[in-house]
Structure formats: structure tokens, C-alpha cells
$ cat query_11.txt   # compact mmCIF, C-alpha atoms
# COMPACT_ATOMS: atom_id res chain seq x y z
CA MET A 1 -56.54 29.72 80.99
CA VAL A 2 -55.71 27.10 83.63
CA VAL A 3 -59.21 27.43 85.11
CA ASN A 4 -60.81 26.96 81.69
CA GLU A 5 -58.65 23.87 81.05
CA GLU A 6 -59.63 22.40 84.43
CA ILE A 7 -63.31 23.01 83.67
CA LEU A 8 -62.91 21.36 80.25
CA ILE A 9 -61.15 18.34 81.76
CA SER A 10 -63.80 18.02 84.47
CA ALA A 11 -66.61 18.22 81.91
CA LEU A 12 -64.89 15.66 79.68
CA LEU A 13 -64.44 13.31 82.63
CA VAL A 14 -68.13 13.52 83.55
CA ALA A 15 -69.14 13.06 79.89
CA PHE A 16 -67.01 9.90 79.57
CA ASP A 17 -68.35 8.59 82.88
CA LEU A 18 -71.98 9.19 81.87
CA GLY A 19 -71.32 7.80 78.39
CA GLY A 20 -69.82 4.65 79.87
CA THR A 21 -72.75 4.37 82.25
CA PHE A 22 -75.23 4.60 79.39
CA VAL A 23 -73.64 2.01 77.12
CA PHE A 24 -72.95 -0.41 79.97
CA ALA A 25 -76.52 0.07 81.15
CA LEU A 26 -77.67 -0.81 77.63
CA SER A 27 -75.62 -4.00 77.75
CA GLY A 28 -77.06 -4.86 81.17
CA ALA A 29 -80.62 -4.22 80.02
CA ALA A 30 -80.04 -6.26 76.83
CA ALA A 31 -78.82 -9.17 78.94
CA GLY A 32 -81.93 -8.80 81.11
CA VAL A 33 -84.27 -8.88 78.13
CA LYS A 34 -82.38 -11.86 76.70
CA ASN A 35 -82.95 -13.71 79.98
CA ARG A 36 -86.66 -12.71 79.98
CA LEU A 37 -86.62 -10.58 83.14
CA ASP A 38 -89.54 -8.27 83.93
CA VAL A 39 -89.21 -4.49 83.59
CA PHE A 40 -88.00 -4.06 87.19
CA GLY A 41 -85.39 -6.79 86.75
CA VAL A 42 -84.19 -5.17 83.52
CA LEU A 43 -83.83 -1.79 85.26
CA VAL A 44 -81.96 -3.34 88.19
CA LEU A 45 -79.58 -5.08 85.79
CA SER A 46 -79.23 -1.86 83.83
CA PHE A 47 -78.23 0.14 86.92
CA ALA A 48 -75.92 -2.59 88.22
CA ALA A 49 -74.09 -2.96 84.90
CA GLY A 50 -73.82 0.78 84.40
CA ASN A 51 -72.62 1.77 87.85
CA SER A 52 -70.96 -1.10 89.75
CA GLY A 53 -67.47 -0.39 88.41
CA GLY A 54 -67.73 3.33 89.13
CA ILE A 55 -69.05 2.71 92.65
CA ALA A 56 -66.15 0.36 93.41
CA ARG A 57 -63.66 2.92 92.07
CA ASP A 58 -65.12 5.79 94.09
CA LEU A 59 -65.13 3.77 97.30
CA ILE A 60 -61.46 2.85 96.85
CA ILE A 61 -60.25 6.40 96.11
CA GLY A 62 -62.40 7.91 98.85
CA ALA A 63 -64.85 9.78 96.60
CA VAL A 64 -67.82 9.17 98.86
CA PRO A 65 -70.70 9.00 98.51
CA PRO A 66 -70.09 7.50 95.04
CA ALA A 67 -71.11 9.62 92.07
CA ALA A 68 -73.61 6.97 90.94
CA ILE A 69 -75.60 7.58 94.15
CA ARG A 70 -74.84 11.28 94.70
CA ASP A 71 -75.53 12.51 91.15
CA TRP A 72 -79.08 11.96 89.83
CA ARG A 73 -77.82 11.90 86.24
CA TYR A 74 -76.27 8.44 86.67
CA ILE A 75 -79.56 6.97 87.87
CA ALA A 76 -81.49 8.78 85.13
CA VAL A 77 -79.11 7.58 82.40
CA SER A 78 -79.34 4.00 83.68
CA ILE A 79 -83.15 4.06 83.77
CA LEU A 80 -83.31 5.64 80.31
CA ALA A 81 -81.04 2.95 78.85
CA GLY A 82 -83.08 0.23 80.56
CA LEU A 83 -86.42 1.52 79.27
CA ILE A 84 -85.10 2.03 75.72
CA THR A 85 -83.82 -1.54 75.64
CA PHE A 86 -86.93 -3.02 77.28
CA TYR A 87 -89.41 -1.42 74.89
CA TRP A 88 -87.29 -1.29 71.72
CA TYR A 89 -85.08 -4.32 72.07
CA GLY A 90 -85.79 -5.22 68.46
CA MET A 91 -84.04 -2.02 67.37
CA ILE A 92 -81.07 -2.70 69.68
CA ASN A 93 -80.92 -6.32 68.54
CA LYS A 94 -80.39 -5.29 64.92
CA LEU A 95 -76.78 -4.57 65.81
CA SER A 96 -74.36 -7.48 65.52
CA SER A 97 -73.91 -9.01 68.97
CA PRO A 98 -75.43 -5.95 70.69
CA VAL A 99 -74.44 -6.81 74.24
CA LEU A 100 -70.79 -7.26 73.31
CA VAL A 101 -70.64 -4.12 71.15
CA PHE A 102 -72.12 -1.94 73.90
CA ASP A 103 -69.91 -3.69 76.40
CA ALA A 104 -66.79 -2.86 74.37
CA ALA A 105 -67.80 0.79 74.06
CA GLY A 106 -68.54 1.04 77.77
CA LEU A 107 -65.26 -0.67 78.56
CA GLY A 108 -63.31 1.99 76.70
CA LEU A 109 -65.18 4.93 78.19
CA PHE A 110 -65.05 3.58 81.74
CA ALA A 111 -61.38 2.58 81.61
CA VAL A 112 -60.24 6.09 80.73
CA ALA A 113 -62.74 7.79 83.04
CA GLY A 114 -61.69 5.56 85.93
CA ALA A 115 -57.98 6.20 85.38
CA SER A 116 -58.55 9.94 84.99
CA LYS A 117 -60.58 10.19 88.19
CA ALA A 118 -58.02 8.13 90.10
CA LEU A 119 -55.28 10.51 88.93
CA ALA A 120 -57.40 13.47 89.97
CA PHE A 121 -57.51 11.96 93.47
CA HIS A 122 -53.69 11.66 93.45
CA ALA A 123 -53.44 7.91 92.90
CA GLY A 124 -50.06 6.65 91.65
CA PRO A 125 -49.55 5.44 88.06
CA VAL A 126 -49.98 1.73 88.86
CA ALA A 127 -52.99 2.33 91.13
CA ALA A 128 -54.64 4.60 88.54
CA THR A 129 -54.15 2.00 85.80
CA LEU A 130 -55.62 -0.78 87.94
CA LEU A 131 -58.54 1.41 89.02
CA GLY A 132 -59.23 2.24 85.39
CA MET A 133 -59.38 -1.48 84.65
CA LEU A 134 -61.63 -2.09 87.67
CA THR A 135 -63.99 0.66 86.55
CA GLY A 136 -64.16 -0.94 83.12
CA ILE A 137 -64.73 -4.55 84.13
CA GLY A 138 -66.76 -4.14 87.34
CA GLY A 139 -70.16 -3.49 85.75
CA GLY A 140 -69.85 -6.34 83.28
CA MET A 141 -68.85 -8.77 86.02
CA VAL A 142 -71.84 -7.85 88.20
CA ARG A 143 -74.15 -8.05 85.18
CA ASP A 144 -72.97 -11.56 84.30
CA VAL A 145 -73.16 -12.78 87.91
CA LEU A 146 -76.75 -11.53 88.25
CA VAL A 147 -77.83 -13.58 85.21
CA SER A 148 -75.85 -16.64 86.40
CA GLU A 149 -73.16 -16.52 83.74
CA ILE A 150 -69.39 -16.83 84.08
CA PRO A 151 -68.13 -13.21 83.90
CA THR A 152 -66.98 -12.23 80.43
CA VAL A 153 -63.67 -11.00 81.83
CA LEU A 154 -62.78 -14.56 82.87
CA ARG A 155 -63.69 -16.46 79.73
CA THR A 156 -63.58 -14.46 76.53
CA GLU A 157 -61.34 -12.52 74.16
CA LEU A 158 -59.07 -9.74 75.45
CA TYR A 159 -61.21 -7.86 77.97
CA ALA A 160 -59.37 -6.80 81.11
CA VAL A 161 -56.22 -6.45 78.99
CA ALA A 162 -58.03 -3.98 76.72
CA ALA A 163 -59.15 -1.98 79.77
CA LEU A 164 -55.57 -1.98 81.06
CA VAL A 165 -54.30 -0.66 77.73
CA GLY A 166 -56.85 2.16 77.70
CA ALA A 167 -56.16 3.13 81.31
CA ALA A 168 -52.40 2.91 80.77
CA ALA A 169 -52.67 5.30 77.81
CA VAL A 170 -54.28 7.89 80.08
CA VAL A 171 -51.67 7.41 82.81
CA LEU A 172 -48.79 7.53 80.32
CA GLY A 173 -50.23 10.68 78.75
CA ASN A 174 -50.41 12.27 82.19
CA MET A 175 -46.76 11.37 82.90
CA LEU A 176 -45.68 12.86 79.53
CA ASN A 177 -47.81 16.00 80.06
CA VAL A 178 -50.01 15.21 77.06
CA PRO A 179 -53.29 17.22 77.14
CA SER A 180 -55.84 15.23 79.15
CA SER A 181 -58.47 15.43 76.40
CA VAL A 182 -56.06 13.87 73.88
CA ALA A 183 -54.96 11.15 76.32
CA THR A 184 -58.51 10.18 77.29
CA VAL A 185 -59.81 10.01 73.72
CA THR A 186 -56.74 8.03 72.64
CA GLY A 187 -57.13 5.60 75.55
CA ALA A 188 -60.83 5.07 74.84
CA VAL A 189 -60.20 4.43 71.14
CA LEU A 190 -57.34 2.02 71.89
CA CYS A 191 -59.40 0.08 74.42
CA PHE A 192 -62.47 -0.18 72.20
CA GLY A 193 -60.41 -0.99 69.12
CA LEU A 194 -58.47 -3.75 70.85
CA ARG A 195 -61.58 -5.27 72.41
CA PHE A 196 -63.64 -5.09 69.21
CA THR A 197 -60.83 -6.50 67.07
CA ALA A 198 -60.30 -9.32 69.56
CA MET A 199 -64.01 -10.19 69.31
CA ARG A 200 -63.95 -10.19 65.52
CA ARG A 201 -60.73 -12.18 65.15
CA GLY A 202 -60.99 -14.41 68.19
CA TRP A 203 -57.86 -13.12 69.92
CA GLN A 204 -57.61 -14.41 73.46
CA LEU A 205 -55.16 -15.30 76.19
CA PRO A 206 -54.15 -18.95 76.72
CA VAL A 207 -56.96 -20.99 78.26
CA ALA A 208 -56.43 -23.52 81.06
CA ARG A 209 -57.09 -27.08 79.87
CA TRP A 210 -57.48 -30.32 81.81
CA PRO A 211 -56.12 -33.53 80.23
CA VAL A 212 -58.98 -35.25 78.42
CA GLN A 213 -60.20 -38.18 80.51
CA PRO A 214 -61.38 -41.20 78.50
CA SER A 215 -64.98 -42.27 79.01
CA PRO A 216 -65.65 -45.70 80.62
CA GLU A 217 -66.69 -47.09 77.23
CA THR A 218 -63.51 -45.86 75.53
CA HIS A 219 -61.39 -47.19 78.38
CA ALA A 220 -63.02 -50.65 78.06
CA VAL A 221 -62.40 -50.71 74.29
CA ASP A 222 -58.76 -49.70 74.77
CA GLN A 223 -58.27 -52.46 77.36
CA LYS A 224 -59.84 -55.05 75.03
CA GLU A 225 -57.61 -53.99 72.11
CA HIS A 226 -54.57 -54.06 74.38
CA GLN A 227 -55.36 -57.59 75.52
CA SER A 228 -55.97 -58.70 71.91
CA GLY A 229 -52.58 -57.30 70.92
CA LYS A 230 -50.90 -59.26 73.68
CA ARG A 231 -52.26 -62.48 72.24
$ encode --input "query_11.txt" --output "C-alpha cells"
Amino acid sequence: MVVNEEILISALLVAFDLGGTFVFALSGAAAGVKNRLDVFGVLVLSFAAGNSGGIARDLIIGAVPPAAIRDWRYIAVSILAGLITFYWYGMINKLSSPVLVFDAAGLGLFAVAGASKALAFHAGPVAATLLGMLTGIGGGMVRDVLVSEIPTVLRTELYAVAALVGAAAVVLGNMLNVPSSVATVTGAVLCFGLRFTAMRRGWQLPVARWPVQPSPETHAVDQKEHQSGKR
């Protein structure tokens, strides 16, 4: 019974990891098509977006070589997502804000998969939560940097926070002895739901703002009015 449960958990973990790879790879490929890259560039962006977070996670927890390089399925899934998007982008583009929708789905899958794998490698609760977040945001950050955009995690609605919530749900479930399958599905749904709702309603953290500096023309007008008032 214990062996069967371990096999189920392992299979679920791989499924979530591959699912996250696929949807993040779709978002990477969509960004590549949007920026008019050639087919090789789209595939590179697809692989980078789909696997960068997982590679960073595996290197930190000592799971080397990383699964994205060791297991052919990760490369195959990334290439498949890239080719689908390159040749049928019109179909992908019919979705509302396709890059962000795929990104939100990948965020949820990767956050829980990253936290689960970190726990399997005996990481502590805080470390597992942070590694889940890193797994979720890493691919999107690399994708945005490669197309010369400010990473989404630094400028948009709740992103890293959503990944933290999803990863924390997995870690909390593990601490409370909740079945891993229930905890991972719950974490993925929470992360995706929070991220998607934040996109639709514009929820975001406070944004840093510089005091507005008056233009030279405005400054000259203000000085003239001030002098006129003195008279």
C-alpha cells in the first residue's frame, strides 16, 4: 500500500512537472512568435521558458543532472509546444491574452511540483516554499529577459505571491499529513485562481513611484505666474 502510494505520488509529481513545462513552453513560444523570431528562436525560447525554473530548482536541491536535461520527455514536450505555437499561433491566439493564461497555468503546476520535489529531497518548510516559487517564476523571468522585457514577476499583478501561496499549500498539507495528491491539486488550483483573478481584476502590490518632476515649460509658466502674483 505504501509502495503504491509512493508510485502514485511520484507519477503525479512528474505529470505536474511535465504539464508545467508544456504550458510554460507554450507561453515562451507565443512570446517568440509575437516578437517575430524564426523557428529556432521560438524553440529556444520555448525550452528556456519551460525548463529554466526546474533546472534552477534541481541544481539547488542537488538533483543533478537536472531532469530537464536528463529526461528526454522535457525536451520533447518543449519542442512540441514550440512547434504547435509556431505553426498554429492563430489557434493559440484565439484565447484571451494567451501568453498570460498559459503563464498562469504553468505557474500553478510548477509551484506545486517544485515544492513537492524539494520536500522529497528533505528541504525544510521555508526552503521548499521558496523553491516552489523559484520553480514557478524562473521560466517566465528567463523568457522575458530573452525578449528584452522587464520580467512579469517584477511589474504585474500578483505573480510571485501566487506561486508562494500554491507552494505553501503543498508544504502545509505535508505538515498536516494531508494526502500529497490532494495538497498538490489544491495548491495548483489556488495559485492559478489567485493569479488569474489578479489579472482579471487588476490586483497588484503597491508600486514604487517617483515624485513627478515638472517639465521645463511647466516650471517656466509657474515662475511667471508666481512673479505676476507678487506684483
$ closest_residue --input "query_11.txt" --among "A:Val64, A:Ala11, A:Leu107, A:Val147" --to "Val44 in chain A" --atoms "only C-alpha atoms"
A:Val147
$ closest_residue --input "query_11.txt" --among "A:Ala168, A:Ala63, A:Ile84, A:Ile55" --to "Val112 in chain A" --atoms "all atoms listed in the file"
A:Ala168
$ atom_distance --input "query_11.txt" --atom1 "CA of Met141 in chain A" --atom2 "CA of Gly108 in chain A"
15.3 Å
$ closest_residue --input "query_11.txt" --among "A:Ala49, A:Ala68, A:Ala25, A:Met199" --to "Ile137 in chain A" --atoms "all atoms listed in the file"
A:Ala49
$ atom_distance --input "query_11.txt" --atom1 "CA of Val161 in chain A" --atom2 "CA of Ala15 in chain A"
23.4 Å
$ atom_distance --input "query_11.txt" --atom1 "CA of Ala118 in chain A" --atom2 "CA of Asn51 in chain A"
16.1 Å
$ residues_around --input "query_11.txt" --residues "range 72-77 of chain A" --least-positions-apart "3" --cutoff "8 Å" --atoms "all atoms listed in the file" --output "list in words"
Leu18, Thr21, Phe22, Phe47, Asn51, Ala67, Ala68, Ile69, Leu80 and Ala81 of chain A
$ closest_residue --input "query_11.txt" --among "A:Gly32, A:Gly140, A:Pro125, A:Gly106" --to "Ser52 in chain A" --atoms "all atoms listed in the file"
A:Gly140
$ closest_residue --input "query_11.txt" --among "A:Leu194, A:Leu158, A:Leu146, A:Val185" --to "Pro206 in chain A" --atoms "all atoms listed in the file"
A:Leu158
$ closest_residue --input "query_11.txt" --among "A:Gly41, A:Gly173, A:Gly136, A:Gly166" --to "Gly193 in chain A" --atoms "only C-alpha atoms"
A:Gly166
$ residues_near_point --input "query_11.txt" --point "(-67.1, -2.2, 78.0)" --cutoff "10 Å" --atoms "all atoms listed in the file" --output "PDB file with C-alpha atoms, keeping the file's coordinate frame"
ATOM      1  CA  GLY A  20     -69.820   4.650  79.870  1.00  0.00           C
ATOM      2  CA  THR A  21     -72.750   4.370  82.250  1.00  0.00           C
ATOM      3  CA  VAL A  23     -73.640   2.010  77.120  1.00  0.00           C
ATOM      4  CA  PHE A  24     -72.950  -0.410  79.970  1.00  0.00           C
ATOM      5  CA  SER A  27     -75.620  -4.000  77.750  1.00  0.00           C
ATOM      6  CA  ALA A  49     -74.090  -2.960  84.900  1.00  0.00           C
ATOM      7  CA  GLY A  50     -73.820   0.780  84.400  1.00  0.00           C
ATOM      8  CA  VAL A  99     -74.440  -6.810  74.240  1.00  0.00           C
ATOM      9  CA  LEU A 100     -70.790  -7.260  73.310  1.00  0.00           C
ATOM     10  CA  VAL A 101     -70.640  -4.120  71.150  1.00  0.00           C
ATOM     11  CA  PHE A 102     -72.120  -1.940  73.900  1.00  0.00           C
ATOM     12  CA  ASP A 103     -69.910  -3.690  76.400  1.00  0.00           C
ATOM     13  CA  ALA A 104     -66.790  -2.860  74.370  1.00  0.00           C
ATOM     14  CA  ALA A 105     -67.800   0.790  74.060  1.00  0.00           C
ATOM     15  CA  GLY A 106     -68.540   1.040  77.770  1.00  0.00           C
ATOM     16  CA  LEU A 107     -65.260  -0.670  78.560  1.00  0.00           C
ATOM     17  CA  GLY A 108     -63.310   1.990  76.700  1.00  0.00           C
ATOM     18  CA  LEU A 109     -65.180   4.930  78.190  1.00  0.00           C
ATOM     19  CA  PHE A 110     -65.050   3.580  81.740  1.00  0.00           C
ATOM     20  CA  ALA A 111     -61.380   2.580  81.610  1.00  0.00           C
ATOM     21  CA  THR A 135     -63.990   0.660  86.550  1.00  0.00           C
ATOM     22  CA  GLY A 136     -64.160  -0.940  83.120  1.00  0.00           C
ATOM     23  CA  ILE A 137     -64.730  -4.550  84.130  1.00  0.00           C
ATOM     24  CA  GLY A 138     -66.760  -4.140  87.340  1.00  0.00           C
ATOM     25  CA  GLY A 139     -70.160  -3.490  85.750  1.00  0.00           C
ATOM     26  CA  GLY A 140     -69.850  -6.340  83.280  1.00  0.00           C
ATOM     27  CA  TYR A 159     -61.210  -7.860  77.970  1.00  0.00           C
ATOM     28  CA  ALA A 160     -59.370  -6.800  81.110  1.00  0.00           C
ATOM     29  CA  ALA A 162     -58.030  -3.980  76.720  1.00  0.00           C
ATOM     30  CA  ALA A 163     -59.150  -1.980  79.770  1.00  0.00           C
ATOM     31  CA  CYS A 191     -59.400   0.080  74.420  1.00  0.00           C
ATOM     32  CA  PHE A 192     -62.470  -0.180  72.200  1.00  0.00           C
ATOM     33  CA  ARG A 195     -61.580  -5.270  72.410  1.00  0.00           C
ATOM     34  CA  PHE A 196     -63.640  -5.090  69.210  1.00  0.00           C
TER      35      PHE A 196
END
$ residues_around --input "query_11.txt" --residues "Ala30 in chain A" --least-positions-apart "3" --cutoff "8 Å" --atoms "all atoms listed in the file" --output "PyMOL selection string"
chain A and resi 26-27+33-34+42+85-86+89+98-99
$ write_last_selection --input "query_11.txt" --atoms "C-alpha atoms" --output "mmCIF file, keeping the file's coordinate frame"
data_model
loop_
_atom_site.group_PDB
_atom_site.id
_atom_site.type_symbol
_atom_site.label_atom_id
_atom_site.label_comp_id
_atom_site.auth_asym_id
_atom_site.auth_seq_id
_atom_site.Cartn_x
_atom_site.Cartn_y
_atom_site.Cartn_z
ATOM 1 C CA LEU A 26 -77.670 -0.810 77.630
ATOM 2 C CA SER A 27 -75.620 -4.000 77.750
ATOM 3 C CA VAL A 33 -84.270 -8.880 78.130
ATOM 4 C CA LYS A 34 -82.380 -11.860 76.700
ATOM 5 C CA VAL A 42 -84.190 -5.170 83.520
ATOM 6 C CA THR A 85 -83.820 -1.540 75.640
ATOM 7 C CA PHE A 86 -86.930 -3.020 77.280
ATOM 8 C CA TYR A 89 -85.080 -4.320 72.070
ATOM 9 C CA PRO A 98 -75.430 -5.950 70.690
ATOM 10 C CA VAL A 99 -74.440 -6.810 74.240
#
